[in-house]
$ cat start10.cif   # mmCIF, C-alpha atoms and all ligand atoms
data_work
loop_
_atom_site.group_PDB
_atom_site.id
_atom_site.type_symbol
_atom_site.label_atom_id
_atom_site.label_comp_id
_atom_site.auth_asym_id
_atom_site.auth_seq_id
_atom_site.Cartn_x
_atom_site.Cartn_y
_atom_site.Cartn_z
ATOM 1 C CA MET A 416 13.313 -11.221 -20.407
ATOM 2 C CA LYS A 417 13.978 -9.251 -23.582
ATOM 3 C CA HIS A 418 15.538 -5.907 -22.626
ATOM 4 C CA LEU A 419 13.412 -2.764 -22.483
ATOM 5 C CA ILE A 420 14.215 0.737 -23.755
ATOM 6 C CA ALA A 421 13.367 3.815 -21.713
ATOM 7 C CA PRO A 422 14.144 7.016 -23.634
ATOM 8 C CA SER A 423 15.017 9.903 -21.308
ATOM 9 C CA ILE A 424 13.108 13.063 -22.149
ATOM 10 C CA LEU A 425 15.847 15.201 -20.560
ATOM 11 C CA THR A 426 17.227 15.700 -24.074
ATOM 12 C CA ALA A 427 13.793 16.125 -25.719
ATOM 13 C CA ASP A 428 12.712 19.366 -27.386
ATOM 14 C CA PHE A 429 10.870 21.208 -24.602
ATOM 15 C CA GLY A 430 9.351 23.646 -27.048
ATOM 16 C CA HIS A 431 7.605 20.687 -28.656
ATOM 17 C CA LEU A 432 7.287 18.215 -25.819
ATOM 18 C CA GLU A 433 3.918 16.971 -27.088
ATOM 19 C CA LYS A 434 5.456 16.055 -30.433
ATOM 20 C CA ASP A 435 8.257 14.091 -28.746
ATOM 21 C CA ILE A 436 5.841 12.215 -26.458
ATOM 22 C CA GLN A 437 3.642 11.330 -29.464
ATOM 23 C CA MET A 438 6.784 10.091 -31.214
ATOM 24 C CA LEU A 439 7.578 7.855 -28.212
ATOM 25 C CA ASN A 440 3.973 6.586 -28.230
ATOM 26 C CA THR A 441 4.348 5.384 -31.803
ATOM 27 C CA SER A 442 7.884 4.022 -31.262
ATOM 28 C CA SER A 443 8.962 0.682 -29.821
ATOM 29 C CA ALA A 444 10.056 2.382 -26.567
ATOM 30 C CA ASP A 445 8.778 0.531 -23.493
ATOM 31 C CA TRP A 446 8.890 3.220 -20.801
ATOM 32 C CA ILE A 447 9.406 6.978 -20.688
ATOM 33 C CA HIS A 448 12.299 7.946 -18.403
ATOM 34 C CA ILE A 449 11.826 11.212 -16.532
ATOM 35 C CA ASP A 450 14.792 12.849 -14.789
ATOM 36 C CA VAL A 451 13.950 15.065 -11.830
ATOM 37 C CA MET A 452 16.880 17.172 -10.568
ATOM 38 C CA ASP A 453 16.870 19.570 -7.633
ATOM 39 C CA GLY A 454 20.117 21.495 -8.089
ATOM 40 C CA VAL A 455 21.310 20.177 -4.701
ATOM 41 C CA PHE A 456 21.807 16.432 -5.073
ATOM 42 C CA VAL A 457 23.070 17.102 -8.609
ATOM 43 C CA PRO A 458 24.442 20.305 -10.150
ATOM 44 C CA ASN A 459 21.455 20.797 -12.447
ATOM 45 C CA ILE A 460 17.723 21.584 -12.190
ATOM 46 C CA SER A 461 15.237 19.949 -14.547
ATOM 47 C CA PHE A 462 11.460 20.078 -13.973
ATOM 48 C CA GLY A 463 8.720 19.154 -11.527
ATOM 49 C CA PHE A 464 5.155 17.961 -11.050
ATOM 50 C CA ARG A 465 3.324 20.084 -13.619
ATOM 51 C CA VAL A 466 5.563 18.959 -16.452
ATOM 52 C CA ILE A 467 5.173 15.316 -15.385
ATOM 53 C CA LYS A 468 1.371 15.706 -15.204
ATOM 54 C CA THR A 469 1.375 17.091 -18.741
ATOM 55 C CA ILE A 470 3.487 14.176 -19.965
ATOM 56 C CA LYS A 471 1.169 11.716 -18.203
ATOM 57 C CA LYS A 472 -1.836 13.077 -20.107
ATOM 58 C CA LEU A 473 -0.064 12.489 -23.426
ATOM 59 C CA ALA A 474 1.920 9.316 -22.751
ATOM 60 C CA GLN A 475 0.688 5.834 -23.541
ATOM 61 C CA LYS A 476 3.634 4.162 -21.777
ATOM 62 C CA PRO A 477 4.650 3.812 -18.120
ATOM 63 C CA LEU A 478 6.489 6.766 -16.582
ATOM 64 C CA ASP A 479 9.839 5.750 -15.097
ATOM 65 C CA VAL A 480 10.664 8.630 -12.766
ATOM 66 C CA HIS A 481 14.293 9.002 -11.666
ATOM 67 C CA LEU A 482 14.609 11.287 -8.649
ATOM 68 C CA MET A 483 17.968 13.011 -8.318
ATOM 69 C CA ILE A 484 16.852 14.973 -5.279
ATOM 70 C CA ILE A 485 17.624 15.057 -1.574
ATOM 71 C CA GLU A 486 14.961 13.813 0.873
ATOM 72 C CA PRO A 487 13.018 12.105 -1.950
ATOM 73 C CA GLU A 488 10.516 10.550 0.501
ATOM 74 C CA ARG A 489 8.964 13.994 1.056
ATOM 75 C CA TYR A 490 7.546 13.924 -2.459
ATOM 76 C CA PHE A 491 6.579 10.309 -3.260
ATOM 77 C CA THR A 492 2.849 11.018 -2.954
ATOM 78 C CA GLU A 493 3.044 14.034 -5.269
ATOM 79 C CA PHE A 494 5.005 12.071 -7.857
ATOM 80 C CA ARG A 495 2.398 9.303 -7.720
ATOM 81 C CA ASP A 496 -0.359 11.884 -8.161
ATOM 82 C CA ALA A 497 1.568 13.407 -11.079
ATOM 83 C CA GLY A 498 1.542 10.022 -12.814
ATOM 84 C CA ALA A 499 4.706 8.106 -11.873
ATOM 85 C CA ASP A 500 4.488 4.316 -12.344
ATOM 86 C CA ILE A 501 8.042 3.510 -11.241
ATOM 87 C CA ILE A 502 10.140 5.588 -8.850
ATOM 88 C CA SER A 503 13.910 5.392 -8.561
ATOM 89 C CA PHE A 504 15.515 7.313 -5.719
ATOM 90 C CA HIS A 505 19.191 7.472 -4.848
ATOM 91 C CA TYR A 506 20.884 5.378 -2.176
ATOM 92 C CA GLU A 507 23.183 8.362 -1.576
ATOM 93 C CA ALA A 508 20.204 10.658 -0.880
ATOM 94 C CA SER A 509 18.251 8.509 1.523
ATOM 95 C CA VAL A 510 18.864 7.479 5.124
ATOM 96 C CA HIS A 511 15.843 5.175 5.586
ATOM 97 C CA LEU A 512 15.945 3.146 2.421
ATOM 98 C CA HIS A 513 13.675 0.367 3.630
ATOM 99 C CA ARG A 514 10.954 2.765 4.776
ATOM 100 C CA SER A 515 11.138 4.671 1.476
ATOM 101 C CA VAL A 516 10.782 1.474 -0.550
ATOM 102 C CA GLN A 517 7.716 0.467 1.465
ATOM 103 C CA MET A 518 6.196 3.922 0.996
ATOM 104 C CA ILE A 519 6.562 3.747 -2.780
ATOM 105 C CA LYS A 520 4.954 0.296 -2.871
ATOM 106 C CA GLU A 521 2.093 1.312 -0.583
ATOM 107 C CA LEU A 522 1.415 4.178 -2.981
ATOM 108 C CA GLY A 523 0.963 1.576 -5.722
ATOM 109 C CA MET A 524 4.202 2.171 -7.652
ATOM 110 C CA LYS A 525 7.229 0.017 -8.429
ATOM 111 C CA ALA A 526 10.272 0.827 -6.291
ATOM 112 C CA ALA A 527 13.884 1.139 -7.406
ATOM 113 C CA VAL A 528 17.086 2.340 -5.780
ATOM 114 C CA ALA A 529 19.678 4.143 -7.908
ATOM 115 C CA LEU A 530 23.430 3.907 -7.301
ATOM 116 C CA ASN A 531 26.004 6.538 -8.236
ATOM 117 C CA PRO A 532 29.112 5.295 -10.058
ATOM 118 C CA HIS A 533 31.208 5.176 -6.870
ATOM 119 C CA THR A 534 28.686 3.192 -4.799
ATOM 120 C CA PRO A 535 29.254 -0.588 -4.654
ATOM 121 C CA VAL A 536 26.266 -2.858 -5.366
ATOM 122 C CA GLN A 537 26.916 -4.739 -2.111
ATOM 123 C CA VAL A 538 25.289 -1.904 -0.108
ATOM 124 C CA LEU A 539 21.932 -3.161 -1.412
ATOM 125 C CA GLU A 540 22.369 -6.769 -0.251
ATOM 126 C CA ASN A 541 19.902 -6.514 2.634
ATOM 127 C CA ILE A 542 17.239 -4.607 0.772
ATOM 128 C CA LEU A 543 17.428 -6.433 -2.553
ATOM 129 C CA PRO A 544 14.413 -8.748 -1.925
ATOM 130 C CA ASP A 545 12.221 -5.671 -1.343
ATOM 131 C CA LEU A 546 13.157 -3.950 -4.607
ATOM 132 C CA ASP A 547 11.531 -4.183 -8.031
ATOM 133 C CA MET A 548 14.563 -2.715 -9.777
ATOM 134 C CA VAL A 549 18.087 -1.358 -9.247
ATOM 135 C CA LEU A 550 19.244 1.575 -11.370
ATOM 136 C CA ILE A 551 22.987 1.606 -11.954
ATOM 137 C CA MET A 552 24.224 5.041 -12.996
ATOM 138 C CA THR A 553 26.776 4.644 -15.770
ATOM 139 C CA VAL A 554 27.639 8.377 -15.740
ATOM 140 C CA ASN A 555 27.639 10.857 -12.866
ATOM 141 C CA PRO A 556 24.032 12.015 -12.569
ATOM 142 C CA GLY A 557 23.139 15.551 -13.613
ATOM 143 C CA PHE A 558 23.437 15.812 -17.376
ATOM 144 C CA GLY A 559 22.615 13.992 -20.580
ATOM 145 C CA GLY A 560 25.187 13.279 -23.267
ATOM 146 C CA GLN A 561 28.078 12.204 -21.012
ATOM 147 C CA LYS A 562 30.608 9.450 -21.633
ATOM 148 C CA PHE A 563 29.786 5.940 -20.383
ATOM 149 C CA ILE A 564 31.923 4.806 -17.408
ATOM 150 C CA GLU A 565 33.570 1.523 -18.441
ATOM 151 C CA SER A 566 33.951 0.106 -14.912
ATOM 152 C CA SER A 567 30.138 -0.182 -14.792
ATOM 153 C CA TYR A 568 30.180 -3.627 -16.455
ATOM 154 C CA ARG A 569 31.811 -5.172 -13.401
ATOM 155 C CA LYS A 570 29.136 -3.680 -11.144
ATOM 156 C CA ILE A 571 26.336 -4.929 -13.377
ATOM 157 C CA ARG A 572 27.780 -8.460 -13.368
ATOM 158 C CA GLN A 573 28.173 -8.414 -9.595
ATOM 159 C CA LEU A 574 24.587 -7.278 -9.118
ATOM 160 C CA LYS A 575 23.274 -9.861 -11.587
ATOM 161 C CA GLN A 576 25.105 -12.581 -9.657
ATOM 162 C CA LEU A 577 23.596 -11.406 -6.349
ATOM 163 C CA ILE A 578 20.120 -11.540 -7.920
ATOM 164 C CA ILE A 579 20.672 -15.016 -9.389
ATOM 165 C CA ASP A 580 22.238 -16.441 -6.205
ATOM 166 C CA ARG A 581 19.231 -15.302 -4.182
ATOM 167 C CA LYS A 582 16.695 -16.336 -6.833
ATOM 168 C CA LEU A 583 15.172 -12.865 -6.927
ATOM 169 C CA GLU A 584 13.186 -11.197 -9.698
ATOM 170 C CA VAL A 585 14.760 -7.750 -9.359
ATOM 171 C CA ILE A 586 15.516 -6.152 -12.715
ATOM 172 C CA ILE A 587 18.546 -4.006 -13.589
ATOM 173 C CA GLU A 588 18.346 -0.639 -15.333
ATOM 174 C CA VAL A 589 21.344 1.378 -16.540
ATOM 175 C CA ASP A 590 21.365 5.100 -17.180
ATOM 176 C CA GLY A 591 23.964 7.268 -18.885
ATOM 177 C CA GLY A 592 26.017 7.071 -22.050
ATOM 178 C CA VAL A 593 24.061 4.165 -23.549
ATOM 179 C CA ASP A 594 24.726 3.953 -27.299
ATOM 180 C CA PHE A 595 24.496 1.542 -30.247
ATOM 181 C CA ILE A 596 27.949 0.138 -29.450
ATOM 182 C CA ASN A 597 27.711 -0.654 -25.720
ATOM 183 C CA THR A 598 24.107 -1.936 -25.744
ATOM 184 C CA ALA A 599 25.004 -5.530 -26.661
ATOM 185 C CA LYS A 600 27.641 -5.787 -23.941
ATOM 186 C CA LEU A 601 25.274 -4.279 -21.358
ATOM 187 C CA VAL A 602 22.525 -6.764 -22.188
ATOM 188 C CA GLU A 603 25.045 -9.603 -22.082
ATOM 189 C CA ALA A 604 26.180 -8.412 -18.616
ATOM 190 C CA GLY A 605 22.594 -8.709 -17.361
ATOM 191 C CA VAL A 606 20.863 -5.373 -17.999
ATOM 192 C CA ASP A 607 17.058 -5.493 -18.391
ATOM 193 C CA VAL A 608 16.271 -1.815 -19.029
ATOM 194 C CA LEU A 609 18.398 0.666 -20.988
ATOM 195 C CA VAL A 610 17.812 4.388 -20.527
ATOM 196 C CA ALA A 611 18.888 6.443 -23.541
ATOM 197 C CA GLY A 612 18.711 10.206 -23.919
ATOM 198 C CA ASN A 613 21.217 11.556 -26.375
ATOM 199 C CA THR A 614 21.322 8.408 -28.507
ATOM 200 C CA VAL A 615 17.579 8.725 -29.149
ATOM 201 C CA PHE A 616 16.905 12.457 -29.235
ATOM 202 C CA SER A 617 20.034 13.511 -31.133
ATOM 203 C CA ALA A 618 19.489 10.857 -33.788
ATOM 204 C CA PRO A 619 18.220 11.989 -37.202
ATOM 205 C CA ASP A 620 15.427 9.424 -36.823
ATOM 206 C CA PRO A 621 14.639 8.785 -33.109
ATOM 207 C CA ILE A 622 12.103 6.025 -33.899
ATOM 208 C CA ASP A 623 14.751 4.162 -35.847
ATOM 209 C CA ALA A 624 17.314 4.746 -33.057
ATOM 210 C CA ILE A 625 14.942 3.156 -30.504
ATOM 211 C CA LYS A 626 14.373 0.219 -32.857
ATOM 212 C CA LYS A 627 18.153 -0.273 -33.209
ATOM 213 C CA LEU A 628 18.637 -0.216 -29.419
ATOM 214 C CA LYS A 629 15.961 -2.917 -29.109
ATOM 215 C CA ILE A 630 17.308 -5.246 -31.787
ATOM 216 C CA VAL A 631 20.523 -6.307 -30.011
HETATM 217 C C1 LIG B 701 21.594 11.749 -16.128
HETATM 218 C C2 LIG B 701 20.204 11.239 -16.330
HETATM 219 C C3 LIG B 701 20.033 10.426 -17.541
HETATM 220 C C4 LIG B 701 20.299 11.130 -18.829
HETATM 221 C C5 LIG B 701 20.813 10.108 -19.788
HETATM 222 O O1 LIG B 701 21.699 12.292 -14.875
HETATM 223 O O2 LIG B 701 19.801 10.446 -15.230
HETATM 224 O O3 LIG B 701 18.748 9.799 -17.579
HETATM 225 O O4 LIG B 701 19.191 11.775 -19.377
HETATM 226 O O5 LIG B 701 21.228 10.749 -20.920
HETATM 227 P P1 LIG B 701 22.241 10.105 -21.954
HETATM 228 O O6 LIG B 701 21.620 8.848 -22.467
HETATM 229 O O7 LIG B 701 22.378 11.168 -22.996
HETATM 230 O O8 LIG B 701 23.540 9.844 -21.213
HETATM 231 ZN ZN ZN B 702 17.926 9.166 -15.405
#

$ encode --input "start10.cif" --output "structure tokens"
Amino acid sequence: MKHLIAPSILTADFGHLEKDIQMLNTSSADWIHIDVMDGVFVPNISFGFRVIKTIKKLAQKPLDVHLMIIEPERYFTEFRDAGADIISFHYEASVHLHRSVQMIKELGMKAAVALNPHTPVQVLENILPDLDMVLIMTVNPGFGGQKFIESSYRKIRQLKQLIIDRKLEVIIEVDGGVDFINTAKLVEAGVDVLVAGNTVFSAPDPIDAIKKLKIV
């Protein structure tokens, strides 16, 4: 499939969130990536249900909600009610991965597991057939605008091979440090969805930046 772009609103202008969501509606972005941080799993706090509900009312694209929180399963229903279409929760934050994936699906959403940079893709071998997507973190989660971790390519290739060998339809998303230079190599390594925060929202023309990320 042609790769998708999911701009992360973590770097959006929160004083004018409506304007930025309208911009994404008119752009060639495919999904809207929403980073939820609890200040415990990651050293930063972002926003919660009311902000997501507001975005849902304005957005004309699926909401790709990335939970960087401990005990994520406690809140799946609320995130669904707030408007999440896809939920990614962290392998490192969940003991009962299989149960959590089933819960997300029963709630009518797509389920993804996210991996921190130090976590090998092989830990997902047994659960891979149950997943819609794997999110590979290409920075340490917590902040936008960080430098891409180069060793991520190897992980992406390994995961792609696992998916091909088992004839699965799981897609691969990467998140962190995506820019105009590494996009081509990421797509070539097997990435289906690119999250981009800084590259989109710090660009002089975000619509054009999204278009450039899609062209590769
Ligand atoms: C980091 C978040 C990312 C972040 C990406 O913890 O999960 O989604 O917003 O931002 P950039 O693209 O600026 O690295
Ligand atoms: Zn994210």

$ resolve_selection --input "start10.cif" --expression "the PyMOL selection byres (((chain A and resi 498-513) around 6) and not hetatm)" --output "ChimeraX atom specification"
/A:471,477-482,485,494-497,514-516,524-530

$ residues_near_ligand --input "start10.cif" --ligand "ligand LIG 701 (chain B)" --cutoff "7 Å" --atoms "only C-alpha atoms and all ligand atoms" --output "mmCIF file with C-alpha atoms, in the frame of the given file"
data_model
loop_
_atom_site.group_PDB
_atom_site.id
_atom_site.type_symbol
_atom_site.label_atom_id
_atom_site.label_comp_id
_atom_site.auth_asym_id
_atom_site.auth_seq_id
_atom_site.Cartn_x
_atom_site.Cartn_y
_atom_site.Cartn_z
ATOM 1 C CA SER A 423 15.017 9.903 -21.308
ATOM 2 C CA ILE A 424 13.108 13.063 -22.149
ATOM 3 C CA LEU A 425 15.847 15.201 -20.560
ATOM 4 C CA THR A 426 17.227 15.700 -24.074
ATOM 5 C CA HIS A 448 12.299 7.946 -18.403
ATOM 6 C CA ASP A 450 14.792 12.849 -14.789
ATOM 7 C CA HIS A 481 14.293 9.002 -11.666
ATOM 8 C CA VAL A 554 27.639 8.377 -15.740
ATOM 9 C CA ASN A 555 27.639 10.857 -12.866
ATOM 10 C CA PRO A 556 24.032 12.015 -12.569
ATOM 11 C CA GLY A 557 23.139 15.551 -13.613
ATOM 12 C CA PHE A 558 23.437 15.812 -17.376
ATOM 13 C CA GLY A 559 22.615 13.992 -20.580
ATOM 14 C CA GLY A 560 25.187 13.279 -23.267
ATOM 15 C CA GLN A 561 28.078 12.204 -21.012
ATOM 16 C CA ASP A 590 21.365 5.100 -17.180
ATOM 17 C CA GLY A 591 23.964 7.268 -18.885
ATOM 18 C CA GLY A 592 26.017 7.071 -22.050
ATOM 19 C CA VAL A 593 24.061 4.165 -23.549
ATOM 20 C CA VAL A 610 17.812 4.388 -20.527
ATOM 21 C CA ALA A 611 18.888 6.443 -23.541
ATOM 22 C CA GLY A 612 18.711 10.206 -23.919
ATOM 23 C CA ASN A 613 21.217 11.556 -26.375
ATOM 24 C CA THR A 614 21.322 8.408 -28.507
#

$ closest_residue --input "start10.cif" --among "A:Val466, A:Ala618, A:Leu550, A:Ile564" --to "ligand ZN 702 (chain B)" --atoms "all atoms listed in the file"
A:Leu550

$ resolve_selection --input "start10.cif" --expression "the PyMOL selection byres (((chain A and resi 578) around 12) and not hetatm)" --output "number ranges by chain"
A: 536-537, 539-549, 571-577, 579-587, 605-606

$ atom_distance --input "start10.cif" --atom1 "atom ZN of ligand ZN 702 (chain B)" --atom2 "atom CA of A:Ile484"
11.7 Å

$ closest_residue --input "start10.cif" --among "A:Val538, A:Ile596, A:Glu603, A:Glu488" --to "A:Tyr568" --atoms "only C-alpha atoms"
A:Glu603

$ atom_distance --input "start10.cif" --atom1 "atom CA of A:Lys417" --atom2 "atom CA of A:Asp607"
7.1 Å

$ closest_residue --input "start10.cif" --among "A:Gly523, A:Pro458, A:Pro422, A:Pro487" --to "A:Asp594" --atoms "only C-alpha atoms"
A:Pro422

$ atom_distance --input "start10.cif" --atom1 "atom CA of A:Gly454" --atom2 "atom CA of A:Ile551"
20.5 Å

$ closest_residue --input "start10.cif" --among "A:Val631, A:Val589, A:Phe429, A:Asn459" --to "ligand ZN 702 (chain B)" --atoms "all atoms listed in the file"
A:Val589
